[in-house]
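Colleague: Dropping in entry.cif, with mmCIF, C-alpha atoms.
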```
data_query
#
loop_
_atom_site.label_atom_id
_atom_site.label_comp_id
_atom_site.auth_asym_id
_atom_site.auth_seq_id
_atom_site.Cartn_x
_atom_site.Cartn_y
_atom_site.Cartn_z
CA MET U 1 -27.96 28.13 7.75
CA ASN U 2 -31.55 28.91 8.64
CA CYS U 3 -33.97 27.14 10.93
CA GLU U 4 -35.62 25.15 8.20
CA GLN U 5 -32.28 23.72 7.08
CA ALA U 6 -31.06 23.15 10.62
CA ARG U 7 -34.07 21.39 12.13
CA PRO U 8 -33.81 18.08 10.20
CA LEU U 9 -30.09 17.92 11.02
CA ILE U 10 -30.38 18.28 14.78
CA ALA U 11 -30.58 14.53 15.41
CA ALA U 12 -27.60 13.79 13.17
CA TYR U 13 -25.76 16.65 14.91
CA ALA U 14 -26.49 15.19 18.35
CA ASP U 15 -25.55 11.70 17.15
CA GLY U 16 -22.18 12.86 15.83
CA GLU U 17 -23.05 12.00 12.26
CA LEU U 18 -22.28 15.35 10.60
CA ASP U 19 -19.11 16.36 8.82
CA ALA U 20 -16.92 19.15 10.18
CA ILE U 21 -18.35 21.92 8.03
CA ARG U 22 -21.93 21.11 8.89
CA ILE U 23 -21.04 20.87 12.56
CA LEU U 24 -19.71 24.42 12.49
CA GLU U 25 -22.80 25.67 10.67
CA MET U 26 -25.04 23.94 13.17
CA GLU U 27 -23.14 25.27 16.16
CA THR U 28 -23.48 28.78 14.87
CA HIS U 29 -27.16 28.41 14.12
CA VAL U 30 -28.19 26.62 17.31
CA GLN U 31 -26.48 29.27 19.44
CA THR U 32 -28.50 32.05 17.86
CA CYS U 33 -31.86 30.31 17.49
CA PRO U 34 -33.93 29.76 20.66
CA ALA U 35 -36.24 27.20 19.02
CA CYS U 36 -33.35 25.06 17.82
CA THR U 37 -31.58 25.44 21.16
CA ARG U 38 -34.68 24.07 22.86
CA ALA U 39 -34.96 21.16 20.41
CA TRP U 40 -31.26 20.42 20.93
CA ARG U 41 -31.59 20.42 24.71
CA GLU U 42 -34.68 18.19 24.61
CA LEU U 43 -32.83 15.69 22.48
CA GLN U 44 -29.77 15.72 24.72
CA GLN U 45 -32.01 15.16 27.71
CA LEU U 46 -33.72 12.24 26.01
CA LYS U 47 -30.41 10.70 25.01
CA LYS U 48 -29.21 11.00 28.59
CA SER U 49 -32.38 9.41 29.88
CA VAL U 50 -31.97 6.38 27.60
CA ARG U 51 -28.27 6.05 28.39
CA GLN U 52 -28.76 5.67 32.14
CA GLU U 53 -26.57 2.85 33.29
CA SER U 54 -29.35 1.01 35.09
CA LEU U 55 -31.16 0.54 31.77
CA TYR U 56 -28.29 -1.50 30.36
CA HIS U 57 -28.52 -5.28 30.74
CA PRO U 58 -25.02 -6.78 30.86
CA ALA U 59 -24.76 -10.54 30.46
CA PRO U 60 -25.41 -12.39 33.72
CA ALA U 61 -22.59 -14.63 34.95
CA ALA U 62 -24.76 -17.72 34.42
CA LEU U 63 -25.08 -16.92 30.72
CA ARG U 64 -21.33 -16.51 30.32
CA ARG U 65 -20.73 -19.82 32.01
CA SER U 66 -23.28 -21.74 30.01
CA VAL U 67 -22.07 -20.27 26.71
CA LEU U 68 -18.52 -21.33 27.53
CA VAL U 69 -19.61 -24.79 28.64
CA GLU U 70 -21.61 -25.26 25.41
CA LEU U 71 -18.75 -24.05 23.24
CA LYS U 72 -16.23 -26.29 24.98
CA ALA U 73 -18.54 -29.28 24.59
CA GLN U 74 -18.76 -28.56 20.87
CA THR U 75 -15.03 -28.37 20.38
CA ARG U 76 -14.09 -31.46 22.41
CA PRO U 77 -12.49 -33.94 20.02
CA ALA U 78 -14.58 -37.03 19.26
CA PRO U 79 -13.42 -40.13 21.20
CA GLU U 80 -11.30 -42.72 19.37
CA ARG U 81 -13.53 -45.51 18.14
CA SER U 82 -11.11 -47.90 16.43
CA PHE U 83 -10.11 -50.97 18.43
CA TRP U 84 -6.49 -51.01 17.25
CA PRO U 85 -5.93 -47.36 16.48
CA TRP U 86 -2.15 -47.69 16.55
CA LEU U 87 -2.15 -50.29 13.75
CA LYS U 88 -3.55 -47.72 11.39
CA LEU U 89 -0.91 -45.30 12.51
CA ALA U 90 2.04 -47.62 11.85
CA PRO U 91 2.78 -46.42 8.30
CA ALA U 92 2.74 -42.88 9.57
CA PHE U 93 5.53 -43.38 12.11
CA SER U 94 8.39 -42.74 9.75
CA ALA U 95 6.65 -39.73 8.32
CA THR U 96 6.11 -38.46 11.86
CA ALA U 97 9.83 -38.06 12.39
CA VAL U 98 10.09 -35.84 9.34
CA ILE U 99 7.08 -33.80 10.37
CA CYS U 100 8.40 -33.37 13.90
CA LEU U 101 11.66 -32.03 12.57
CA ALA U 102 9.85 -29.63 10.26
CA ALA U 103 7.54 -28.54 13.05
CA LEU U 104 10.46 -27.96 15.37
CA LEU U 105 12.11 -25.76 12.77
CA THR U 106 8.92 -23.82 12.17
CA VAL U 107 8.33 -23.33 15.87
CA THR U 108 11.88 -22.16 16.42
CA LEU U 109 11.75 -19.77 13.49
CA SER U 110 8.32 -18.36 14.20
CA ARG U 111 8.51 -18.25 17.98
CA PRO U 112 7.29 -14.87 19.18
CA SER U 113 9.68 -12.79 21.20
CA ALA U 114 9.53 -13.21 24.99
CA HIS U 115 7.94 -9.78 25.24
CA ASP U 116 5.19 -10.52 22.70
CA GLN U 117 4.55 -13.79 24.45
CA LEU U 118 4.15 -12.05 27.80
CA ALA U 119 1.82 -9.43 26.30
CA GLY U 120 -0.24 -12.21 24.71
CA GLU U 121 -0.47 -14.09 28.00
CA LEU U 122 -1.54 -10.99 29.90
CA VAL U 123 -4.25 -10.13 27.38
CA SER U 124 -5.51 -13.73 27.42
CA SER U 125 -5.66 -13.66 31.22
CA HIS U 126 -7.49 -10.36 31.11
CA ILE U 127 -10.03 -11.70 28.62
CA ARG U 128 -10.55 -14.83 30.68
CA SER U 129 -11.20 -12.67 33.71
CA LEU U 130 -14.02 -10.96 31.80
CA MET U 131 -15.83 -14.28 31.80
CA ALA U 132 -17.43 -13.40 35.09
CA SER U 133 -17.09 -16.73 36.83
CA HIS U 134 -13.34 -16.39 36.67
CA ALA U 135 -12.91 -12.74 37.52
CA LEU U 136 -12.38 -12.82 41.27
CA ASP U 137 -11.27 -15.18 43.98
CA VAL U 138 -11.71 -12.57 46.66
CA ILE U 139 -14.45 -10.02 46.21
CA SER U 140 -13.88 -6.98 48.30
CA THR U 141 -13.51 -3.27 47.86
CA ASP U 142 -11.41 -3.18 51.02
CA GLN U 143 -7.68 -3.24 50.45
CA HIS U 144 -7.20 -4.58 53.98
CA THR U 145 -9.18 -7.67 53.04
CA VAL U 146 -7.64 -8.19 49.64
CA LYS U 147 -3.99 -7.81 50.64
CA PRO U 148 -3.95 -10.47 53.40
CA TRP U 149 -5.86 -12.83 51.12
CA PHE U 150 -2.69 -13.20 49.06
CA ASN U 151 -0.73 -14.36 52.15
CA GLY U 152 0.25 -17.95 51.61
CA ARG U 153 -1.12 -17.95 48.10
CA VAL U 154 1.84 -16.14 46.57
CA ASP U 155 5.35 -15.90 47.97
CA PHE U 156 5.38 -12.13 47.96
CA ALA U 157 3.23 -9.28 49.26
CA PRO U 158 1.71 -7.38 46.35
CA PRO U 159 0.93 -3.68 46.80
CA VAL U 160 -2.83 -3.29 47.12
CA LYS U 161 -4.65 0.02 47.16
CA ASP U 162 -8.14 1.19 46.64
CA LEU U 163 -8.34 4.05 44.17
CA ALA U 164 -12.06 4.69 44.56
CA SER U 165 -11.45 8.33 45.36
CA GLN U 166 -9.74 8.70 41.98
CA GLY U 167 -12.64 6.96 40.25
CA PHE U 168 -11.10 3.50 40.05
CA PRO U 169 -12.71 1.40 42.80
CA LEU U 170 -11.01 -1.86 43.74
CA ILE U 171 -13.40 -4.77 43.29
CA GLY U 172 -11.22 -7.69 44.27
CA GLY U 173 -8.31 -9.93 43.49
CA ARG U 174 -7.44 -13.37 42.29
CA LEU U 175 -4.56 -15.71 41.79
CA ASP U 176 -3.42 -15.94 38.19
CA TYR U 177 -0.69 -17.72 36.33
CA VAL U 178 1.59 -15.84 33.94
CA GLN U 179 4.99 -16.83 32.59
CA ASN U 180 4.98 -20.11 34.47
CA ARG U 181 4.53 -18.54 37.86
CA ASN U 182 1.79 -17.52 40.25
CA VAL U 183 1.05 -13.84 40.07
CA ALA U 184 -1.31 -11.58 41.96
CA ALA U 185 -4.09 -10.03 39.91
CA LEU U 186 -6.04 -7.06 41.24
CA VAL U 187 -9.23 -6.01 39.55
CA PHE U 188 -10.41 -2.42 39.38
CA GLN U 189 -13.34 -0.88 37.71
CA ARG U 190 -13.86 2.29 35.71
CA ASN U 191 -17.46 2.66 34.61
CA LYS U 192 -18.09 -0.48 32.57
CA HIS U 193 -14.42 -1.24 32.04
CA LEU U 194 -12.46 -3.70 34.09
CA ILE U 195 -8.77 -3.17 34.74
CA ASN U 196 -6.55 -6.07 35.66
CA VAL U 197 -3.26 -5.34 37.40
CA PHE U 198 -0.84 -8.26 37.31
CA ILE U 199 1.93 -8.17 39.89
CA TRP U 200 4.95 -10.33 40.55
CA PRO U 201 8.44 -9.77 41.94
CA GLY U 202 10.92 -8.41 39.44
CA ASN U 203 14.38 -6.95 39.68
CA GLU U 204 14.12 -4.38 36.94
CA GLN U 205 14.96 -0.74 37.50
CA SER U 206 12.08 1.31 38.78
CA ALA U 207 10.17 2.34 35.68
CA THR U 208 7.37 4.88 35.46
CA PRO U 209 4.05 3.79 33.94
CA ALA U 210 3.98 3.98 30.15
CA ILE U 211 1.91 2.48 27.38
CA ASP U 212 3.83 -0.62 26.41
CA THR U 213 1.69 -2.39 23.86
CA VAL U 214 -1.73 -2.30 22.26
CA LEU U 215 -2.90 -5.82 21.56
CA LYS U 216 -6.28 -6.89 20.19
CA GLY U 217 -7.73 -3.56 21.24
CA PHE U 218 -6.47 -3.80 24.81
CA ASN U 219 -4.00 -1.33 26.25
CA LEU U 220 -1.07 -2.65 28.26
CA ILE U 221 0.79 -0.41 30.66
CA HIS U 222 3.96 -1.49 32.36
CA TRP U 223 5.81 -0.13 35.35
CA SER U 224 7.65 -1.32 38.41
CA GLN U 225 7.41 -0.32 42.05
CA GLY U 226 8.95 -1.64 45.25
CA GLY U 227 10.68 -4.57 43.58
CA MET U 228 7.52 -5.64 41.79
CA THR U 229 6.77 -5.84 38.10
CA CYS U 230 3.34 -4.45 37.38
CA TRP U 231 1.18 -4.63 34.27
CA ALA U 232 -2.23 -3.05 33.83
CA VAL U 233 -4.46 -4.40 31.07
CA SER U 234 -7.79 -2.95 30.03
CA ASP U 235 -9.94 -1.84 27.14
CA LEU U 236 -10.14 1.52 28.89
CA ASN U 237 -8.72 4.36 26.81
CA GLN U 238 -5.01 5.06 27.15
CA THR U 239 -5.33 8.42 28.88
CA GLU U 240 -7.48 7.13 31.71
CA LEU U 241 -5.53 3.91 32.02
CA LEU U 242 -2.33 5.89 32.37
CA GLU U 243 -3.98 8.09 34.96
CA PHE U 244 -4.92 4.90 36.82
CA ALA U 245 -1.41 3.43 36.64
CA ARG U 246 0.17 6.65 37.88
CA ALA U 247 -2.24 6.74 40.81
CA PHE U 248 -1.44 3.12 41.61
CA ALA U 249 2.30 3.62 41.35
CA SER U 250 2.39 6.80 43.40
CA MET K 1 -7.90 -23.86 12.24
CA GLU K 2 -7.88 -26.45 14.96
CA ALA K 3 -10.96 -26.57 17.18
CA ARG K 4 -9.14 -25.36 20.26
CA GLU K 5 -7.52 -22.43 18.45
CA ARG K 6 -10.84 -21.55 16.90
CA LEU K 7 -12.47 -21.47 20.33
CA GLN K 8 -9.64 -19.36 21.70
CA ALA K 9 -9.91 -16.88 18.84
CA PHE K 10 -13.68 -16.77 19.32
CA GLU K 11 -13.30 -16.16 23.05
CA GLN K 12 -10.98 -13.27 22.33
CA THR K 13 -12.74 -11.54 19.45
CA VAL K 14 -16.43 -12.27 19.87
CA LEU K 15 -17.18 -13.12 23.50
CA PRO K 16 -16.02 -9.75 24.86
CA HIS K 17 -19.23 -8.50 23.22
CA LEU K 18 -21.47 -10.82 25.18
CA ASP K 19 -22.76 -7.89 27.27
CA ALA K 20 -23.89 -6.10 24.13
CA ALA K 21 -25.45 -9.31 22.79
CA HIS K 22 -27.37 -9.84 26.01
CA ASN K 23 -28.46 -6.22 26.28
CA LEU K 24 -29.91 -6.28 22.77
CA ALA K 25 -31.56 -9.66 23.34
CA ARG K 26 -33.02 -8.43 26.64
CA TRP K 27 -34.54 -5.33 25.08
CA LEU K 28 -35.91 -7.33 22.17
CA ALA K 29 -37.27 -10.30 24.11
CA GLY K 30 -38.53 -8.32 27.09
CA ASN K 31 -37.67 -10.79 29.85
CA ASP K 32 -34.60 -12.41 31.38
CA GLN K 33 -35.18 -16.04 30.47
CA ASP K 34 -35.99 -15.51 26.80
CA ALA K 35 -33.13 -13.00 26.52
CA GLN K 36 -30.63 -15.55 27.82
CA ASP K 37 -31.96 -18.23 25.49
CA VAL K 38 -31.67 -15.92 22.50
CA ALA K 39 -28.21 -14.63 23.47
CA GLN K 40 -26.89 -18.14 24.06
CA GLU K 41 -28.32 -19.48 20.81
CA ALA K 42 -26.84 -16.47 18.98
CA CYS K 43 -23.38 -17.16 20.44
CA LEU K 44 -23.50 -20.77 19.37
CA ARG K 45 -24.58 -19.76 15.89
CA ALA K 46 -21.85 -17.15 15.77
CA PHE K 47 -19.31 -19.80 16.69
CA LYS K 48 -20.58 -22.02 13.90
CA PHE K 49 -20.15 -19.24 11.35
CA PHE K 50 -16.99 -17.85 12.93
CA GLY K 51 -14.74 -19.42 10.32
CA GLY K 52 -16.35 -17.19 7.70
CA PHE K 53 -16.07 -13.98 9.72
CA ARG K 54 -13.70 -11.61 7.95
CA GLY K 55 -14.94 -8.22 9.11
CA ASP K 56 -13.33 -5.78 11.49
CA ASN K 57 -16.39 -5.21 13.65
CA PRO K 58 -17.09 -8.37 15.65
CA ARG K 59 -19.60 -6.56 17.85
CA ALA K 60 -21.81 -5.51 14.93
CA TRP K 61 -21.44 -9.00 13.49
CA LEU K 62 -22.52 -10.67 16.73
CA LEU K 63 -25.41 -8.22 17.17
CA SER K 64 -26.71 -8.95 13.68
CA ILE K 65 -26.75 -12.63 14.61
CA VAL K 66 -28.56 -11.83 17.87
CA ARG K 67 -31.13 -9.91 15.90
CA ASN K 68 -31.69 -12.69 13.37
CA THR K 69 -31.81 -15.28 16.13
CA PHE K 70 -34.40 -13.22 17.96
CA TYR K 71 -36.72 -12.90 14.97
CA THR K 72 -36.42 -16.62 14.21
CA TRP K 73 -37.10 -17.40 17.86
CA LEU K 74 -40.09 -15.07 17.85
CA ARG K 75 -41.66 -16.81 14.85
CA GLN K 76 -41.12 -20.24 16.36
CA ASN K 77 -42.01 -19.58 19.98
CA ARG K 78 -44.33 -16.61 20.02
CA PRO K 79 -46.19 -16.82 16.72
CA SER K 80 -49.01 -14.85 18.32
CA ILE K 81 -46.77 -11.80 18.56
CA THR K 82 -46.63 -10.67 15.00
CA THR K 83 -44.40 -7.83 14.06
CA VAL K 84 -46.27 -5.58 11.72
CA GLU K 85 -44.64 -4.64 8.47
CA LEU K 86 -44.00 -1.01 9.17
CA ASP K 87 -44.99 1.47 6.57
CA ASP K 88 -42.44 4.02 7.62
CA GLU K 89 -43.88 6.86 5.62
CA ALA K 90 -47.46 6.31 6.72
CA LEU K 91 -46.63 6.38 10.42
CA GLU K 92 -46.95 10.08 10.99
CA ILE K 93 -46.30 11.12 14.52
CA ALA K 94 -47.03 14.64 15.56
CA ASP K 95 -44.06 16.63 16.72
CA PRO K 96 -44.29 16.47 20.53
CA ALA K 97 -42.71 19.89 20.82
CA ALA K 98 -45.64 21.41 18.99
CA SER K 99 -48.12 20.21 21.60
CA GLY K 100 -45.87 20.98 24.54
CA GLU K 101 -45.36 17.26 25.22
CA THR K 102 -41.74 17.37 26.03
CA LEU K 103 -39.55 16.61 28.97
CA GLN K 104 -38.70 20.29 29.26
CA GLY K 105 -35.15 19.65 30.26
CA ARG K 106 -35.89 17.14 33.00
CA GLN K 107 -34.23 13.79 33.28
CA ALA K 108 -36.83 11.05 33.48
CA ASP K 109 -36.24 8.37 36.10
CA ALA K 110 -35.00 5.02 34.90
CA GLU K 111 -38.21 3.11 35.58
CA ALA K 112 -40.30 5.49 33.50
CA VAL K 113 -37.78 5.34 30.66
CA ARG K 114 -37.72 1.55 30.85
CA ARG K 115 -41.49 1.40 30.45
CA ALA K 116 -41.44 3.91 27.63
CA ILE K 117 -38.75 2.05 25.67
CA ALA K 118 -40.45 -1.30 26.27
CA ALA K 119 -43.67 0.15 24.88
CA LEU K 120 -42.04 1.07 21.54
CA PRO K 121 -42.73 -1.18 18.54
CA VAL K 122 -39.82 -3.60 18.31
CA GLU K 123 -38.64 -2.16 14.98
CA PHE K 124 -38.15 1.22 16.62
CA ARG K 125 -36.86 -0.17 19.89
CA GLU K 126 -33.98 -2.07 18.30
CA ILE K 127 -32.71 0.99 16.43
CA LEU K 128 -32.88 3.12 19.57
CA VAL K 129 -31.03 0.50 21.65
CA LEU K 130 -28.30 0.10 19.03
CA ARG K 131 -27.86 3.85 18.68
CA GLU K 132 -28.00 4.98 22.30
CA MET K 133 -26.86 2.00 24.34
CA GLU K 134 -24.40 0.46 21.91
CA ASP K 135 -23.33 3.78 20.42
CA MET K 136 -23.45 2.46 16.89
CA SER K 137 -23.31 4.74 13.85
CA TYR K 138 -26.24 5.05 11.45
CA LYS K 139 -24.19 3.19 8.86
CA ASP K 140 -23.35 0.28 11.16
CA ILE K 141 -27.00 -0.03 12.20
CA ALA K 142 -28.10 0.05 8.55
CA ASP K 143 -25.63 -2.72 7.67
CA LEU K 144 -26.49 -4.77 10.72
CA ALA K 145 -30.25 -4.60 10.27
CA ASP K 146 -30.04 -4.70 6.48
CA LEU K 147 -32.02 -1.47 6.14
CA PRO K 148 -31.42 1.64 4.06
CA MET K 149 -29.79 4.41 6.06
CA GLY K 150 -32.78 6.69 5.51
CA THR K 151 -35.01 4.13 7.18
CA VAL K 152 -32.66 3.87 10.14
CA MET K 153 -32.76 7.64 10.56
CA SER K 154 -36.53 7.92 10.24
CA ARG K 155 -37.14 5.03 12.66
CA LEU K 156 -34.75 6.57 15.15
CA ALA K 157 -36.52 9.91 14.86
CA ARG K 158 -39.89 8.24 15.36
CA ALA K 159 -38.63 6.21 18.28
CA ARG K 160 -37.48 9.39 19.96
CA LYS K 161 -40.71 11.22 19.30
CA LEU K 162 -42.77 8.36 20.73
CA LEU K 163 -40.49 8.18 23.71
CA GLN K 164 -40.80 11.89 24.34
CA LYS K 165 -44.57 11.70 24.11
CA HIS K 166 -44.72 8.75 26.46
CA LEU K 167 -42.43 10.35 29.04
CA ALA K 168 -44.21 13.68 28.86
CA ARG K 169 -47.39 11.81 29.78
CA GLU K 170 -45.65 10.32 32.81
CA TYR K 171 -44.70 13.79 33.95
CA PRO K 172 -47.65 15.93 32.86
CA SER K 173 -46.70 18.92 34.93
CA GLY K 174 -44.15 19.95 37.45
CA GLY K 175 -41.87 17.06 36.67
CA PRO K 176 -40.76 14.16 38.81
CA SER K 177 -40.51 15.01 42.45
#
```
Using structure tokens, write down the structure from this file.
Modeller:
Amino acid sequence: MNCEQARPLIAAYADGELDAIRILEMETHVQTCPACTRAWRELQQLKKSVRQESLYHPAPAALRRSVLVELKAQTRPAPERSFWPWLKLAPAFSATAVICLAALLTVTLSRPSAHDQLAGELVSSHIRSLMASHALDVISTDQHTVKPWFNGRVDFAPPVKDLASQGFPLIGGRLDYVQNRNVAALVFQRNKHLINVFIWPGNEQSATPAIDTVLKGFNLIHWSQGGMTCWAVSDLNQTELLEFARAFAS
Amino acid sequence: MEARERLQAFEQTVLPHLDAAHNLARWLAGNDQDAQDVAQEACLRAFKFFGGFRGDNPRAWLLSIVRNTFYTWLRQNRPSITTVELDDEALEIADPAASGETLQGRQADAEAVRRAIAALPVEFREILVLREMEDMSYKDIADLADLPMGTVMSRLARARKLLQKHLAREYPSGGPS
């Protein structure tokens, strides 16, 4: 590949839009051509400048709240207007029994396993926590503030640690509700990703962190430590999430 | 689907991309209040059309709605700001490298970059934001903005050249201190 062929491809090369063969050709050319090396560096520099985190405008909490409020208002069922609504329903009563029976059968047959149900609940809780107003009951990067906050709110003492030195700063905690019980939720951050760690007492054998499930694009890692069941949920990639869980468990 | 289930599904598939929606709206509209109006309106529209969403890229889908909402909003609320029909071929921009107008390996500070991006024509700005901040592929941007891929690539190239020129002017010599 010569310079004339390479120059128009530099942007596509930097943007990861070339196929494997072209990438190799470009690599070889750019290494040996000072002009293309310069153009490549300039472009990388420009890309970096535009990608600075402070130039990104994440949604403010107020927007999240008002979107949710609007959506909920739109989906609220219309109020009953009929004066004697039950009269209209009378003929349906006998049919209702049949439908109930059918529904019961369907529910029983299609009920997700306890495990899938738990995974679904955890992911839902995680997603709800991304709606900023719900994320944190106690906002603190100090484990010695977050841990006592749970006193009297849950009937156990969850392990709390700050992993800022490993690149996962603690940003707070909240009370959550999973599997019909109060659980402690700790929230950590990795770049723009939030990690929720759900903790409650469990009597399972000590298990080391492992990827348990991938659900709706979220990774779920499960482990246990000190008589507690722990789940980490995040859209962070599996490698880093595992690294996080191991640091938390250690 | 029942209303509550529909809302739940929407919360799980579409709303996680609210940050992206707001970021795009903010860069298009140029200020906080208008950006929030556009992003909110786009979410409500998305919810209305959610029943018909079959794709596997909810983020691109939501962003295309943000984009459409923005241009509708612009026509209705800021008719004085007209977006020019870009003649992509006619807009020849000199290669900044040729005139030495480059960053020469320096990282520009965020404020300067913010001004430079904001100064781009909106048609260039949106492509740059989608590519660099949302990390979208040329193909996804082309689909989202309903443009040929060649146009996406040429607008991106022009956006970058303009940006380079603008930033080089901010740091004429010696670089930022």
Colleague: Just need the residues of chain U within 10 Å of chain K, counting all atoms listed in the file, so spit them out as a PyMOL selection string.
Modeller: chain U and resi 8+11-12+15-17+35+38-39+41-60+62-64+66-68+70-72+74-77+123-124+126-128+130-131+216-217
Colleague: Keeping only C-alpha atoms, write the selected residues as a JSON list (two decimals), keeping the file's coordinate frame.
Modeller:
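To be explicit, this is the file written out as out-v7.json:
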```json
[["chain", "number", "residue", "atom", "x", "y", "z"],
["U", 8, "PRO", "CA", -33.81, 18.08, 10.20],
["U", 11, "ALA", "CA", -30.58, 14.53, 15.41],
["U", 12, "ALA", "CA", -27.60, 13.79, 13.17],
["U", 15, "ASP", "CA", -25.55, 11.70, 17.15],
["U", 16, "GLY", "CA", -22.18, 12.86, 15.83],
["U", 17, "GLU", "CA", -23.05, 12.00, 12.26],
["U", 35, "ALA", "CA", -36.24, 27.20, 19.02],
["U", 38, "ARG", "CA", -34.68, 24.07, 22.86],
["U", 39, "ALA", "CA", -34.96, 21.16, 20.41],
["U", 41, "ARG", "CA", -31.59, 20.42, 24.71],
["U", 42, "GLU", "CA", -34.68, 18.19, 24.61],
["U", 43, "LEU", "CA", -32.83, 15.69, 22.48],
["U", 44, "GLN", "CA", -29.77, 15.72, 24.72],
["U", 45, "GLN", "CA", -32.01, 15.16, 27.71],
["U", 46, "LEU", "CA", -33.72, 12.24, 26.01],
["U", 47, "LYS", "CA", -30.41, 10.70, 25.01],
["U", 48, "LYS", "CA", -29.21, 11.00, 28.59],
["U", 49, "SER", "CA", -32.38, 9.41, 29.88],
["U", 50, "VAL", "CA", -31.97, 6.38, 27.60],
["U", 51, "ARG", "CA", -28.27, 6.05, 28.39],
["U", 52, "GLN", "CA", -28.76, 5.67, 32.14],
["U", 53, "GLU", "CA", -26.57, 2.85, 33.29],
["U", 54, "SER", "CA", -29.35, 1.01, 35.09],
["U", 55, "LEU", "CA", -31.16, 0.54, 31.77],
["U", 56, "TYR", "CA", -28.29, -1.50, 30.36],
["U", 57, "HIS", "CA", -28.52, -5.28, 30.74],
["U", 58, "PRO", "CA", -25.02, -6.78, 30.86],
["U", 59, "ALA", "CA", -24.76, -10.54, 30.46],
["U", 60, "PRO", "CA", -25.41, -12.39, 33.72],
["U", 62, "ALA", "CA", -24.76, -17.72, 34.42],
["U", 63, "LEU", "CA", -25.08, -16.92, 30.72],
["U", 64, "ARG", "CA", -21.33, -16.51, 30.32],
["U", 66, "SER", "CA", -23.28, -21.74, 30.01],
["U", 67, "VAL", "CA", -22.07, -20.27, 26.71],
["U", 68, "LEU", "CA", -18.52, -21.33, 27.53],
["U", 70, "GLU", "CA", -21.61, -25.26, 25.41],
["U", 71, "LEU", "CA", -18.75, -24.05, 23.24],
["U", 72, "LYS", "CA", -16.23, -26.29, 24.98],
["U", 74, "GLN", "CA", -18.76, -28.56, 20.87],
["U", 75, "THR", "CA", -15.03, -28.37, 20.38],
["U", 76, "ARG", "CA", -14.09, -31.46, 22.41],
["U", 77, "PRO", "CA", -12.49, -33.94, 20.02],
["U", 123, "VAL", "CA", -4.25, -10.13, 27.38],
["U", 124, "SER", "CA", -5.51, -13.73, 27.42],
["U", 126, "HIS", "CA", -7.49, -10.36, 31.11],
["U", 127, "ILE", "CA", -10.03, -11.70, 28.62],
["U", 128, "ARG", "CA", -10.55, -14.83, 30.68],
["U", 130, "LEU", "CA", -14.02, -10.96, 31.80],
["U", 131, "MET", "CA", -15.83, -14.28, 31.80],
["U", 216, "LYS", "CA", -6.28, -6.89, 20.19],
["U", 217, "GLY", "CA", -7.73, -3.56, 21.24]]
```
Colleague: Selection in question (the file shown): the PyMOL selection byres ((chain U and resi 203) around 12). Which residues does it include, as a ChimeraX atom specification?
Modeller: /U:200-202,204-207,223-230
Colleague: Would you give me, as JSON lines, each residue of segment 139-160 of chain U having an atom within 8 Å of an atom of segment 176-189 of chain U, along with its shortest atom pair and that distance in Å to one decimal, using all atoms listed in the file and sorting by chain and residue number?
Modeller:
```
{"residue": "U:Phe150", "atom": "CA", "partner": "U:Ala184", "partner_atom": "CA", "distance": 7.4}
{"residue": "U:Val154", "atom": "CA", "partner": "U:Asn182", "partner_atom": "CA", "distance": 6.5}
{"residue": "U:Pro158", "atom": "CA", "partner": "U:Ala184", "partner_atom": "CA", "distance": 6.8}
{"residue": "U:Val160", "atom": "CA", "partner": "U:Leu186", "partner_atom": "CA", "distance": 7.7}
```
Colleague: At what distance in Å, to one decimal, does atom CA of Asp19 of chain U lie from atom CA of Cys36 of chain U?
Modeller: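 So the answer is 19.0 Å.
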Colleague: Given the point (-25.1, 25.7, 14.3) in the file's coordinates, find the residues that have an atom at most 10 Å from it, counting all atoms listed in the file, and give them as an MDAnalysis selection string.
Modeller: chainID U and resid 1:3 6 9:10 13 21:33 36:37
Colleague: Grab the atom CA of Asn31 of chain K to atom CA of Leu120 of chain K distance for me, in Å with one decimal place.
Modeller: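 Atom-to-atom, atom CA of Asn31 of chain K to atom CA of Leu120 of chain K, that is 15.1 Å.
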Colleague: Got a sec: who's within 10 Å of Asn237 of chain U, counting all atoms listed in the file, leaving out chain neighbours fewer than 6 positions off, as an MDAnalysis selection string?
Modeller: chainID U and resid 193 217:219
Colleague: For the residues selected in the previous step, produce a file with C-alpha atoms as a PDB file, keeping the file's coordinate frame.
Modeller:
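Saved to out-v4.pdb:
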```
ATOM      1  CA  HIS U 193     -14.420  -1.240  32.040  1.00  0.00           C
ATOM      2  CA  GLY U 217      -7.730  -3.560  21.240  1.00  0.00           C
ATOM      3  CA  PHE U 218      -6.470  -3.800  24.810  1.00  0.00           C
ATOM      4  CA  ASN U 219      -4.000  -1.330  26.250  1.00  0.00           C
TER       5      ASN U 219
END
```
Colleague: Of the candidates U:Ser125, U:Thr213, U:Thr145, U:Ser165, which shows the shortest atom-to-atom distance to Phe198 of chain U, using all atoms listed in the file?
Modeller: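 The shortest atom-to-atom distance to Phe198 of chain U comes from U:Ser125.
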Colleague: Would you work out the distance separating atom CA of Leu130 of chain K from atom CA of Arg190 of chain U, expressed in Å to one decimal?
Modeller: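 Going from atom CA of Leu130 of chain K over to atom CA of Arg190 of chain U, I get 22.2 Å.
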Colleague: Choose the residue, out of K:Gly51, K:Val122, K:Thr151, K:Ala60, that has the smallest atom-to-atom separation from Leu74 of chain K; count only C-alpha atoms.
Modeller: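 So, comparing all the options, the nearest one is K:Val122.
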Colleague: Would you kindly translate the PyMOL selection byres ((chain U and resi 210) around 9) into the concrete residues it picks from this file, as JSON, numbers by chain?
Modeller: {"U": [207, 208, 209, 211, 212, 220, 221, 222, 223, 242, 245]}
